[in-house]
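Working notes for the structure below.
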Number of protein chains: 2
Amino acid sequence: MTAPKPSSLAFVPFVSVANMMEIVHRIGLENMLRDLAEYIEDDFRRWELFDKTPRVASHSAEGVIELMPTSDGEVYGFKYVNGHPKNMKEGLQTVTAFGLLADVGTGYPVLLSEMTVLTALRTAATSAMVAKHLAPKGSKTMAMIGNGAQSEFQALAFKAICGISSVRLYDIDPAATKKAMQNLEGWGLSVTACRTPEDAIEGAAIITTCTADKQYATILTDNMVGAGVHINAIGGDCPGKTELHKDILLRSDIFVEFPPQTRIEGEIQQLDEDYPVTEMWQVINGEVQGRRDNRQITLFDGVGFAIEDFSALRYIRSKLEETGLYQKLDMVADPDDPRDLFGMVQRAKS
Amino acid sequence: MTAPKPSSLAFVPFVSVANMMEIVHRIGLENMLRDLAEYIEDDFRRWELFDKTPRVASHSAEGVIELMPTSDGEVYGFKYVNGHPKNMKEGLQTVTAFGLLADVGTGYPVLLSEMTVLTALRTAATSAMVAKHLAPKGSKTMAMIGNGAQSEFQALAFKAICGISSVRLYDIDPAATKKAMQNLEGWGLSVTACRTPEDAIEGAAIITTCTADKQYATILTDNMVGAGVHINAIGGDCPGKTELHKDILLRSDIFVEFPPQTRIEGEIQQLDEDYPVTEMWQVINGEVQGRRDNRQITLFDGVGFAIEDFSALRYIRSKLEETGLYQKLDMVADPDDPRDLFGMVQRAKS
C-alpha cells in the first residue's frame with residue numbers, strides 16, 4: 001500500500017499583516033478600495049441568498065469580542081473582531097480582526113487572513129459605495145468628524161469612489177487631526193483642519209462621523225445639519241454607542257445594512273423598534289429609491305455587516321495566485337485514511 | 001521621536017497539526033488525556049461563571065460549519081468546527097477544527113491552534129471524565145460501537161481515566177474495526193473484534209456509541225441494553241442525527257452538558273422539550289447525585305460543548321513555554337500609534 005501525500009487541503013493559505021500591507025501597495029490603495037467596493041456591491045446585489053445572522057457578541061466591562069459568520073451557499077466566511085475603546089490609551093488597537101473562508105461542501109478552511117487592515121479598507125469601501133448611491137450628485141467636500149484609525153481610509157475611499165476632492169477634518173484631540181493631515185499629504189486631496197465640528201461641516205455635502213467612545217455621545221446636534229446632506233455615520237456600532245442626536249435621525253431617511261443588527265448596534269437603537277428604515281441592498285438593486293431630491297437628508301447608519309467581510313475575503317482570495325503574498329499553514333489534520341486520525345498521530349512519533 | 005518596536009502582542013502563537021502531534025508524543029497520549037480531563041473537570045466545576053450560548057451553526061445539504069464561543073470573563077475562546085459525514089468517502093476528515101483564545105481585557109488573540117487532533121482528545125477525555133462519575137464502580141469492559149476516527153482515543157481515555165482493561169469493538173464496516181484493532185495494539189488493552197453490536201455489548205459495563213451518519217439511526221435498540229450499564233452516546237451531535245432507540249432514553253437517567261444545545265443536537269431531540277435531564281456540572285460539583293444504584297442505566301448524551309474546547313485550549317496554552325512547540329503568526333496589526341493604522345500601512349511600502 002502506497003501512502004498518498006498529504007492533500008493540499010491540509011494547508012490553508014494565510015495572509016499576514018505584512019502580506020496584507022504588501023498587497024495594498026502592490027495593487028495600489030485607491031485601486032484596492034475601488035475593487036473592494038465592487039466586490040461588496042456585487043454581494044449586496046445577491047443579498048437575499050446569503051445566510052444572515054446578527055453577530056455573536058461577547059461583552060465585557062472593557063469591550064466586546066464578536067464573531068460575524070455568513071455564507072453564500074458555496075463559501076462560508078466569518079470574522080473575529082474586537083472593540084476595546086480603552087485599548088488606545090494603552091497603545092493598542094481599538095479594533096483588531098482576522099477572518100476565514102471555508103468551502104461549504106467540505107467544511108475545510110480555504111483562507112485565513114488578518115483583517116485589521118482589511119476591515120479598515122472594507123469599511124471605507126462600503127461607506128463610499130453606499131454614498132455613491134445616496135449622496136448628492138457632484139459632492140466634492142466631505143466633513144470628517146473623528147480622525148482616528150479609520151479616517152484616512154474613509155477620505156481616500158470617498159475620493160476614489162465618489163470623486164470627493166476636499167476633506168474637512170475635526171477631532172476632539174488635535175493630535176489626531178494633525179496625524180490625519182500628515183497622512184493625507186500627497187494624495188491629491190485638499191485637506192483642512194478644523195477647530196470645531198461646526199467649522200468642519202461648513203460647505204460639506206457629505207458628513208462622515210467616526211468616533212470611538214463606547215457611550216451615548218452627541219457628535220452632531222440637530223441644528224448643525226442642513227438640508228440635502230448625506231451623513232455617513234459609522235462610529236456608533238454597538239449597544240450604548242451612538243454619535244448623532246435623535247432629532248437628526250427623525251429628519252433623515254435612514255439606510256442600513258441588516259436591520260436586526262443595526263437596531264441593536266446602530267444609531268437607530270435610539271428609535272422605536274419599528275421605525276422605518278431602508279435596506280441598502282434594495283437601493284442597490286433598484287427595488288427602492290435612494291435619494292429623492294436635493295433637500296432630503298440621507299443617513300447611512302453603518303455598523304459593518306458580515307457580508308462586507310465576506311466580500312473583502314473573497315477579493316483577497318482572488319488575489320492570492322497573482323500576488324503570491326501568503327504562507328501555507330499546517331492547520332487541517334489530513335490523515336491518508338480519514339478514519340485513521342489516531343494512526344496519523346502515532347506515525348508522527350519521531 | 002523613537003519608533004517603539006512592534007509589541008509582542010502583534011504575534012499570536014500558532015500550534016500547527018505537526019506541533020500538536022509532537023505535543024502528544026512529548027507529553028504521552030495517556031498523560032495528556034488525563035491532564036485534559038482534569039482541565040475539563042475544573043471548568044465544569046466553575047460552569048456557572050462561563051458565558052454560555054448554543055453553537056452558531058451554518059447548515060448545508062452536505063454538512064454543517066459551527067462556531068462555538070465561550071468566555072470565563074478573563075479569557076475568551078471559540079472553536080471553528082465542521083461536520084461533513086460524506087467527506088470520508090472523498091478521503092477527507094468528517095470533522096476538522098481549529099480554535100482561538102483571546103484576552104478579554106484587550107480583545108487581542110493569544111493562541112491559535114489546530115483542533116482536529118485536539119478535539120478528538122478533548123472529546124475522549126470528556127467522555128471518560130463523565131464516566132468516572134457515572135459508570136458502575138470497577139467497570140473493566142467497554143463496548144465501542146463505531147470504530148472511526150474517535151474510537152481509539154475513547155478506548156485509551158477510558159483506560160487512562162476509568163481503568164478499563166478490555167474493549168469490544170463493532171463497526172458496520174469491518175475495515176474500520178480492523179484499523180482500530182491494529183492501532184490499539186501495544187497499549188495494554190485487551191481488544192476484541194465483534195461481528196454484531198449484540199456481541200460487542202456482551203459483558204460490557206460501559207457502552208460507547210460513536211457513529212457518523214447524519215440521519216436518525218438506531219445503533220442500539222432497547223432489548224440490547226441491560227440494567228446497570230453506563231451509555232456514552234457521542235455520535236448523535238446534530239439535528240436529525242441520533243443513535244439510540246427512544247425506548248432506551250426513556251429507561252435511562254440522562255446526563256448532558258448544556259441542555260439548550262443538547263435538546264437541539266443530542267439523543268434527547270427525540271424527547272419532549274421539557275423531559276428531565278441532569279446537567280453534568282451539577283453532578284461534578286456534588287449538587288446532584290449521579291449514579292444511585294447498580295440497576296440504573298446512566299446515559300451521557302454528549303454533543304461536545306464550547307467549554308470543553310476552552311479547557312483544551314487553556315491546557316495547550318499552558319504547555320507552550322515548556323514545549324516551545326508553536327510558531328508566531330503576524331496576525332494582529334499593531335501600529336506604534338494605535339490611531340495611525342494608515343501610517344503603519346504607508347510605512348510598510350518597500
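Ordered as shown in the C-alpha cells, chains take letters A, B, and onward, while each chain numbers its residues from 1 and ligands are numbered from 1 in the order shown.
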Point to revise | chain B residues near chain A (6 Å cut-off, only C-alpha atoms) as a PyMOL selection string | key: chain B and resi 16-17+21+82+88+91-93+107+114+148-149+330-331+333+338-341+345
Output file for the residues above (C-alpha atoms, as a short mmCIF file (atom, residue, chain, number, x, y, z; two decimals), in the first residue's frame):
data_model
loop_
_atom_site.label_atom_id
_atom_site.label_comp_id
_atom_site.auth_asym_id
_atom_site.auth_seq_id
_atom_site.Cartn_x
_atom_site.Cartn_y
_atom_site.Cartn_z
CA SER B 16 0.03 23.53 13.87
CA VAL B 17 -1.10 19.95 13.32
CA MET B 21 1.14 15.67 17.30
CA ASN B 82 -17.24 21.37 10.55
CA MET B 88 -14.97 10.30 4.46
CA GLY B 91 -10.79 10.80 1.58
CA LEU B 92 -11.36 13.83 3.81
CA GLN B 93 -11.95 14.23 7.55
CA GLY B 107 -9.57 41.53 22.71
CA GLU B 114 -5.33 23.26 15.22
CA GLY B 148 -13.98 5.58 13.25
CA ALA B 149 -11.58 8.42 13.95
CA ASP B 330 1.95 38.01 12.32
CA MET B 331 -1.81 38.21 12.75
CA ALA B 333 -1.76 44.86 13.13
CA PRO B 338 -2.93 52.89 17.59
CA ARG B 339 -4.78 55.65 15.75
CA ASP B 340 -2.23 55.52 12.97
CA LEU B 341 -3.12 52.32 11.13
CA VAL B 345 0.44 50.68 6.14
#
Exercise for review: Fewer than 3 positions away in the same chain doesn't count, so skip those; otherwise give me all residues within 8 Å of Val130 in chain B, counting only C-alpha atoms, as a ChimeraX atom specification.
Suggested key: /B:126-127,133-134,280,300
Study note, to complete from the structure: Using only C-alpha atoms, the residue out of B:Ala200, B:Ala312, B:Ile23, B:Ile248 with shortest distance to Thr221 in chain B is B:Ile248
Revision key, fill the gap. Correct to one decimal, the distance CA of His230 in chain B-CA of Ala131 in chain B is 7.4 Å
Practice item. Write down as an MDAnalysis selection string the residues of range 54-300 of chain B whose backbone DSSP state falls under helix (DSSP H, G or I). Key: chainID B and resid 85:90 116:134 151:162 174:183 197:200 222:224 246:251 259:265 267:270 280:284
